[in-house]
file work08.txt (compact mmCIF, C-alpha atoms)
# COMPACT_ATOMS: atom_id res chain seq x y z
CA ALA A 27 101.92 79.29 72.26
CA VAL A 28 100.05 76.34 73.72
CA PHE A 29 101.11 77.29 77.24
CA ALA A 30 100.95 81.08 77.06
CA PHE A 31 100.30 81.24 80.80
CA VAL A 32 104.00 80.54 81.39
CA ALA A 33 105.56 84.00 81.52
CA ALA A 34 108.90 82.90 82.95
CA ILE A 35 110.67 79.90 84.36
CA PHE A 36 113.74 80.26 86.54
CA ALA A 37 116.02 77.95 88.45
CA GLY A 38 117.39 79.00 91.81
CA THR A 39 120.54 77.38 93.07
CA SER A 40 120.99 79.15 96.38
CA SER A 41 119.78 76.14 98.35
CA ALA A 42 120.17 72.39 98.14
CA LYS A 43 116.76 72.14 96.48
CA THR A 44 116.32 73.62 93.02
CA SER A 45 113.23 75.69 92.51
CA LYS A 46 111.45 76.08 89.19
CA ALA A 47 108.48 78.40 89.10
CA VAL A 48 105.91 79.84 86.73
CA TRP A 49 103.64 82.83 86.79
CA TRP A 50 100.15 81.62 85.83
CA TRP A 51 97.94 84.65 85.11
CA ARG A 52 94.76 82.93 83.81
CA SER A 53 92.34 82.51 86.69
CA GLU A 54 89.68 81.01 84.46
CA ASP A 55 91.95 78.02 83.82
CA ALA A 56 91.01 76.75 87.29
CA ALA A 57 87.40 76.46 86.13
CA ARG A 58 88.32 74.12 83.27
CA VAL A 59 89.56 70.85 84.77
CA ASP A 60 90.73 69.56 81.38
CA VAL A 61 92.88 72.67 80.87
CA SER A 62 94.30 72.80 84.38
CA GLU A 63 95.08 69.06 84.40
CA LYS A 64 96.89 69.32 81.05
CA ARG A 65 98.90 72.33 82.19
CA LEU A 66 99.75 70.82 85.57
CA ALA A 67 100.96 67.65 83.82
CA PHE A 68 103.15 69.77 81.52
CA LEU A 69 104.62 71.66 84.48
CA ALA A 70 105.27 68.46 86.44
CA GLU A 71 106.94 66.90 83.40
CA HIS A 72 109.28 69.90 83.25
CA GLY A 73 110.18 69.86 86.94
CA VAL A 74 108.22 72.95 88.00
CA ASN A 75 107.60 72.91 91.75
CA GLU A 76 106.15 76.38 92.40
CA ILE A 77 103.23 78.13 90.78
CA TYR A 78 102.38 81.80 91.27
CA PHE A 79 98.69 81.67 90.37
CA TRP A 80 96.52 84.72 89.83
CA ALA A 81 93.09 83.67 91.03
CA ASP A 82 89.76 85.45 91.10
CA LEU A 83 88.86 84.13 94.54
CA LYS A 84 85.34 85.53 94.40
CA LYS A 85 84.50 83.94 91.06
CA TYR A 86 86.46 80.65 91.29
CA PRO A 87 87.03 79.72 94.96
CA LYS A 88 86.03 76.05 94.62
CA GLU A 89 87.94 75.63 91.37
CA THR A 90 91.02 77.33 92.83
CA ARG A 91 90.97 74.97 95.82
CA ALA A 92 90.85 72.02 93.41
CA LEU A 93 93.75 73.39 91.35
CA VAL A 94 95.92 73.99 94.44
CA LYS A 95 95.15 70.48 95.69
CA ALA A 96 95.89 68.89 92.30
CA ALA A 97 99.17 70.81 92.04
CA GLY A 98 100.16 69.61 95.51
CA LYS A 99 99.58 66.00 94.47
CA LYS A 100 102.09 66.59 91.66
CA GLY A 101 104.69 68.04 94.03
CA MET A 102 104.00 71.70 93.29
CA ARG A 103 103.15 74.35 95.82
CA VAL A 104 100.99 77.31 94.83
CA ALA A 105 101.09 80.94 95.93
CA LEU A 106 98.37 83.48 95.23
CA LEU A 107 99.78 85.93 92.68
CA SER A 108 98.68 89.52 92.68
CA GLY A 109 100.06 92.98 92.13
CA ASP A 110 99.22 96.50 91.11
CA VAL A 111 101.54 99.48 90.95
CA SER A 112 98.80 101.72 92.41
CA TRP A 113 99.13 99.91 95.75
CA ILE A 114 102.27 101.84 96.60
CA ARG A 115 100.17 104.95 97.17
CA PRO A 116 99.11 105.12 100.83
CA GLU A 117 95.51 106.10 100.02
CA ASN A 118 94.99 103.09 97.73
CA ARG A 119 92.75 100.34 99.16
CA GLY A 120 93.28 97.72 96.46
CA PHE A 121 95.84 95.77 98.46
CA ALA A 122 93.56 95.65 101.51
CA GLU A 123 90.88 94.00 99.34
CA VAL A 124 93.35 91.39 98.06
CA VAL A 125 94.56 90.57 101.58
CA SER A 126 90.99 90.28 102.82
CA ALA A 127 90.06 87.87 100.01
CA TYR A 128 93.30 85.91 100.50
CA LEU A 129 92.77 85.50 104.26
CA ALA A 130 89.12 84.50 103.78
CA TYR A 131 90.17 81.92 101.21
CA GLN A 132 92.92 80.54 103.46
CA LYS A 133 90.48 80.25 106.36
CA SER A 134 87.86 78.39 104.30
CA ALA A 135 90.26 76.05 102.45
CA ALA A 136 91.41 72.65 103.70
CA ALA A 137 95.11 72.30 104.52
CA ASP A 138 95.92 70.78 101.12
CA GLU A 139 93.98 73.53 99.32
CA ARG A 140 95.74 76.53 100.87
CA PHE A 141 98.26 78.77 99.20
CA TYR A 142 101.73 78.62 100.74
CA ALA A 143 102.13 82.41 100.39
CA LEU A 144 100.88 85.65 98.91
CA HIS A 145 103.23 86.41 95.99
CA LEU A 146 103.28 90.06 94.89
CA ASP A 147 104.41 91.52 91.58
CA VAL A 148 103.92 95.27 92.12
CA GLU A 149 106.39 96.75 89.57
CA PRO A 150 106.73 100.32 90.85
CA HIS A 151 109.03 101.22 87.94
CA GLN A 152 105.91 101.27 85.75
CA ASP A 153 104.40 104.26 87.56
CA ARG A 154 105.08 107.15 85.18
CA LYS A 155 103.23 109.73 87.31
CA LEU A 156 105.68 109.82 90.21
CA SER A 157 109.29 110.87 90.29
CA ASP A 158 111.77 108.02 90.65
CA LYS A 159 112.77 109.07 94.15
CA ARG A 160 109.13 109.32 95.32
CA LYS A 161 107.93 106.04 93.73
CA TRP A 162 110.81 104.02 95.19
CA GLN A 163 110.27 105.47 98.66
CA LEU A 164 106.55 104.68 98.42
CA TYR A 165 107.42 101.15 97.31
CA ALA A 166 109.78 100.66 100.28
CA ASP A 167 107.07 101.91 102.63
CA PHE A 168 104.50 99.61 101.00
CA VAL A 169 106.78 96.57 101.28
CA LEU A 170 107.16 97.19 105.01
CA ARG A 171 103.44 97.87 105.55
CA ALA A 172 102.25 94.89 103.46
CA SER A 173 104.77 92.48 104.96
CA ALA A 174 103.78 93.47 108.49
CA GLU A 175 100.07 93.05 107.71
CA VAL A 176 100.43 89.62 106.09
CA HIS A 177 102.86 88.31 108.72
CA ALA A 178 100.57 89.56 111.51
CA ALA A 179 97.85 87.31 110.03
CA GLY A 180 100.25 84.35 110.27
CA GLU A 181 100.80 84.13 106.52
CA ASN A 182 103.85 84.33 104.24
CA ILE A 183 104.52 87.00 101.64
CA GLU A 184 106.89 86.97 98.66
CA TRP A 185 108.00 89.68 96.27
CA ASP A 186 108.94 89.74 92.61
CA ILE A 187 111.76 92.24 92.43
CA PRO A 188 113.84 93.63 89.58
CA PHE A 189 117.49 92.59 89.71
CA TRP A 190 118.62 96.22 89.69
CA LEU A 191 117.14 97.28 93.04
CA ASP A 192 120.65 97.41 94.50
CA ASN A 193 121.17 100.70 92.63
CA ILE A 194 118.18 102.42 94.28
CA ARG A 195 118.42 104.06 97.68
CA VAL A 196 115.63 105.10 100.08
CA ALA A 197 115.07 106.38 103.58
CA PHE A 198 114.69 103.61 106.14
CA ALA A 199 115.26 103.17 109.88
CA GLN A 200 116.20 106.82 110.40
CA ARG A 201 118.78 106.69 107.61
CA ASN A 202 118.41 108.43 104.26
CA ASP A 203 120.66 106.30 102.07
CA VAL A 204 119.73 102.64 102.42
CA PRO A 205 119.76 100.25 99.44
CA LEU A 206 116.16 99.44 98.55
CA LEU A 207 117.17 95.81 98.17
CA ASP A 208 118.06 95.77 101.89
CA VAL A 209 114.56 97.01 102.76
CA VAL A 210 112.83 94.44 100.54
CA MET A 211 115.04 91.56 101.67
CA GLY A 212 114.96 92.67 105.33
call {"tool": "encode", "arguments": {"input": "work08.txt", "output": "structure tokens"}}
result
Amino acid sequence: AVFAFVAAIFAGTSSAKTSKAVWWWRSEDAARVDVSEKRLAFLAEHGVNEIYFWADLKKYPKETRALVKAAGKKGMRVALLSGDVSWIRPENRGFAEVVSAYLAYQKSAAADERFYALHLDVEPHQDRKLSDKRKWQLYADFVLRASAEVHAAGENIEWDIPFWLDNIRVAFAQRNDVPLLDVVMG
């Protein structure tokens, strides 16, 4: 496919404004102006107004700033996309590294070059080493910890979530049977 970076497009109708978004997983596309311009034009032509962009902020900071700015000129806002199932484990430091790089980027970027949010796609259901009950509790705990950390820095955080989270229950707020969806949406 010419535009293989488009993993999904969805339309939300819960507000007056329709949202169309793409997950763009190819960080190196920011380094090729011809590629990023072509893809941004395609997205604009198809009414996309949000991009979840996975960016190697150490390798392509200048190019990422240019891509975010160019997307903004076409009416699209861009969030930094990241995620790793291993982050749900309390001893894992991978998320701390992502937040550190994200905050450093945000601080160094001009207003029209900043991400509007940190967009996480963690996918705890892919962890085959943990029992279902344990992995979902760790995920709930991670969501709370990560959200608090990002919000404390004055930034926004978003979550990709499976539609079936309403069937999973975890311990939260001194209760042992809370829908996980309530924790994530809380």
call {"tool": "closest_residue", "arguments": {"input": "work08.txt", "among": "A:Gly212, A:Pro188, A:Pro150, A:Gly101", "to": "Leu164 of chain A", "atoms": "only C-alpha atoms"}}
result
A:Pro150
call {"tool": "closest_residue", "arguments": {"input": "work08.txt", "among": "A:Trp190, A:Trp49, A:Trp162, A:Phe198", "to": "Val111 of chain A", "atoms": "only C-alpha atoms"}}
result
A:Trp162
call {"tool": "closest_residue", "arguments": {"input": "work08.txt", "among": "A:Leu146, A:Ala97, A:Ala56, A:Val169", "to": "Val209 of chain A", "atoms": "all atoms listed in the file"}}
result
A:Val169
call {"tool": "closest_residue", "arguments": {"input": "work08.txt", "among": "A:Asp138, A:Glu76, A:Glu54, A:Asp203", "to": "Val94 of chain A", "atoms": "all atoms listed in the file"}}
result
A:Asp138
call {"tool": "residues_around", "arguments": {"input": "work08.txt", "residues": "Ala96 of chain A", "least_positions_apart": "5", "cutoff": "10 Å", "atoms": "all atoms listed in the file", "output": "compact mmCIF listing (two decimals) with C-alpha atoms, in the frame of the given file"}}
result
# COMPACT_ATOMS: atom_id res chain seq x y z
CA SER A 62 94.30 72.80 84.38
CA GLU A 63 95.08 69.06 84.40
CA LEU A 66 99.75 70.82 85.57
CA ALA A 67 100.96 67.65 83.82
CA THR A 90 91.02 77.33 92.83
CA ARG A 91 90.97 74.97 95.82
CA GLY A 101 104.69 68.04 94.03
CA MET A 102 104.00 71.70 93.29
CA ARG A 103 103.15 74.35 95.82
CA ASP A 138 95.92 70.78 101.12
CA GLU A 139 93.98 73.53 99.32
call {"tool": "closest_residue", "arguments": {"input": "work08.txt", "among": "A:Ser112, A:Phe141, A:Gln163, A:Val125", "to": "His177 of chain A", "atoms": "all atoms listed in the file"}}
result
A:Val125
call {"tool": "atom_distance", "arguments": {"input": "work08.txt", "atom1": "atom CA of Val210 of chain A", "atom2": "atom CA of Tyr131 of chain A"}}
result
25.9 Å
call {"tool": "residues_around", "arguments": {"input": "work08.txt", "residues": "Ile183 of chain A", "least_positions_apart": "6", "cutoff": "10 Å", "atoms": "only C-alpha atoms", "output": "list in words"}}
result
Ala105, Leu106, Tyr142, Ala143, Leu144, His145, Leu146, Val169, Ala172, Ser173, Ala174, Glu175, Val176 and His177 of chain A
call {"tool": "closest_residue", "arguments": {"input": "work08.txt", "among": "A:Pro87, A:Asp60, A:Leu206, A:Lys99", "to": "Ser134 of chain A", "atoms": "all atoms listed in the file"}}
result
A:Pro87
call {"tool": "atom_distance", "arguments": {"input": "work08.txt", "atom1": "atom CA of Ile77 of chain A", "atom2": "atom CA of Val104 of chain A"}}
result
4.7 Å
call {"tool": "atom_distance", "arguments": {"input": "work08.txt", "atom1": "atom CA of Trp113 of chain A", "atom2": "atom CA of Phe168 of chain A"}}
result
7.5 Å
call {"tool": "residues_near_point", "arguments": {"input": "work08.txt", "point": "(86.1, 82.3, 92.3)", "cutoff": "12 Å", "atoms": "all atoms listed in the file", "output": "list in words"}}
result
Ser53, Glu54, Asp55, Ala56, Ala57, Trp80, Ala81, Asp82, Leu83, Lys84, Lys85, Tyr86, Pro87, Lys88, Glu89, Thr90, Arg91, Ala92, Leu93, Ala127, Tyr128 and Tyr131 of chain A
call {"tool": "decode", "arguments": {"input": "work08.txt", "residues": "segment 76-190 of chain A", "atoms": "C-alpha atoms", "output": "CSV table (one decimal), in the first residue's frame"}}
result
chain,number,residue,atom,x,y,z
A,76,GLU,CA,-5.4,14.2,14.2
A,77,ILE,CA,-2.2,12.3,13.8
A,78,TYR,CA,-0.7,10.0,16.4
A,79,PHE,CA,3.0,10.1,15.3
A,80,TRP,CA,5.7,7.8,16.6
A,81,ALA,CA,8.8,9.9,16.5
A,82,ASP,CA,12.4,9.2,17.4
A,83,LEU,CA,12.9,12.5,19.2
A,84,LYS,CA,16.6,11.9,19.7
A,85,LYS,CA,17.3,11.1,16.0
A,86,TYR,CA,14.8,13.5,14.3
A,87,PRO,CA,13.9,16.4,16.6
A,88,LYS,CA,14.2,19.1,14.0
A,89,GLU,CA,12.4,17.1,11.3
A,90,THR,CA,9.6,16.2,13.8
A,91,ARG,CA,9.1,19.9,14.6
A,92,ALA,CA,8.8,20.6,10.9
A,93,LEU,CA,6.3,17.8,10.4
A,94,VAL,CA,4.1,19.0,13.4
A,95,LYS,CA,4.2,22.6,12.1
A,96,ALA,CA,3.3,21.5,8.5
A,97,ALA,CA,0.5,19.3,9.8
A,98,GLY,CA,-0.8,22.3,11.8
A,99,LYS,CA,-0.9,24.5,8.7
A,100,LYS,CA,-3.2,21.8,7.1
A,101,GLY,CA,-5.5,21.8,10.1
A,102,MET,CA,-4.2,18.7,11.8
A,103,ARG,CA,-2.9,18.4,15.3
A,104,VAL,CA,-0.3,15.9,16.2
A,105,ALA,CA,0.3,13.8,19.3
A,106,LEU,CA,3.4,11.9,20.1
A,107,LEU,CA,2.6,8.2,19.8
A,108,SER,CA,4.3,5.6,22.0
A,109,GLY,CA,3.6,2.4,23.8
A,110,ASP,CA,5.1,-0.8,25.2
A,111,VAL,CA,3.3,-3.5,27.1
A,112,SER,CA,6.4,-3.8,29.4
A,113,TRP,CA,5.6,-0.4,30.9
A,114,ILE,CA,2.8,-1.9,33.0
A,115,ARG,CA,5.4,-3.5,35.2
A,116,PRO,CA,6.4,-1.2,38.1
A,117,GLU,CA,10.1,-1.8,37.7
A,118,ASN,CA,10.2,-0.9,34.0
A,119,ARG,CA,11.8,2.4,33.2
A,120,GLY,CA,10.9,2.6,29.6
A,121,PHE,CA,8.0,5.0,30.1
A,122,ALA,CA,10.1,7.3,32.2
A,123,GLU,CA,12.5,7.7,29.3
A,124,VAL,CA,9.7,8.4,26.8
A,125,VAL,CA,8.2,11.1,29.2
A,126,SER,CA,11.6,12.7,29.6
A,127,ALA,CA,12.2,12.9,25.9
A,128,TYR,CA,8.6,14.2,25.3
A,129,LEU,CA,9.0,16.9,27.9
A,130,ALA,CA,12.4,18.0,26.6
A,131,TYR,CA,11.0,18.1,23.1
A,132,GLN,CA,8.0,20.2,24.2
A,133,LYS,CA,10.2,22.6,26.1
A,134,SER,CA,12.5,23.1,23.1
A,135,ALA,CA,9.8,23.4,20.4
A,136,ALA,CA,8.0,26.5,19.3
A,137,ALA,CA,4.3,26.7,20.1
A,138,ASP,CA,3.3,25.6,16.6
A,139,GLU,CA,5.8,22.7,16.7
A,140,ARG,CA,4.6,21.1,20.0
A,141,PHE,CA,2.5,18.0,20.3
A,142,TYR,CA,-1.0,18.5,21.7
A,143,ALA,CA,-0.7,15.3,23.8
A,144,LEU,CA,1.2,12.1,24.6
A,145,HIS,CA,-0.9,9.3,23.0
A,146,LEU,CA,-0.2,5.9,24.4
A,147,ASP,CA,-0.9,2.5,22.9
A,148,VAL,CA,0.2,0.0,25.6
A,149,GLU,CA,-1.9,-3.1,24.7
A,150,PRO,CA,-1.6,-5.1,28.0
A,151,HIS,CA,-3.6,-7.9,26.5
A,152,GLN,CA,-0.5,-8.9,24.5
A,153,ASP,CA,1.5,-9.7,27.7
A,154,ARG,CA,1.4,-13.5,27.7
A,155,LYS,CA,3.7,-13.9,30.8
A,156,LEU,CA,1.2,-12.5,33.3
A,157,SER,CA,-2.2,-13.8,34.4
A,158,ASP,CA,-5.2,-11.8,33.1
A,159,LYS,CA,-6.1,-10.6,36.5
A,160,ARG,CA,-2.5,-9.5,37.3
A,161,LYS,CA,-1.9,-7.8,33.9
A,162,TRP,CA,-5.1,-5.8,34.0
A,163,GLN,CA,-4.4,-4.6,37.6
A,164,LEU,CA,-0.9,-3.6,36.6
A,165,TYR,CA,-2.4,-1.7,33.6
A,166,ALA,CA,-4.9,0.1,35.8
A,167,ASP,CA,-2.1,1.1,38.2
A,168,PHE,CA,0.1,2.2,35.2
A,169,VAL,CA,-2.7,4.4,33.7
A,170,LEU,CA,-3.1,6.2,37.1
A,171,ARG,CA,0.7,6.6,37.6
A,172,ALA,CA,1.4,7.7,34.0
A,173,SER,CA,-1.6,10.1,33.9
A,174,ALA,CA,-0.6,11.7,37.1
A,175,GLU,CA,3.0,12.2,35.9
A,176,VAL,CA,2.1,13.7,32.6
A,177,HIS,CA,-0.6,16.0,34.0
A,178,ALA,CA,1.8,17.1,36.8
A,179,ALA,CA,4.1,18.4,34.0
A,180,GLY,CA,1.2,20.4,32.5
A,181,GLU,CA,0.7,18.1,29.5
A,182,ASN,CA,-2.1,16.0,28.1
A,183,ILE,CA,-2.2,12.2,27.8
A,184,GLU,CA,-4.5,10.0,25.7
A,185,TRP,CA,-5.0,6.2,25.7
A,186,ASP,CA,-5.7,3.7,22.9
A,187,ILE,CA,-8.1,1.3,24.6
A,188,PRO,CA,-9.8,-1.9,23.4
A,189,PHE,CA,-13.5,-1.6,23.2
A,190,TRP,CA,-14.0,-4.6,25.5
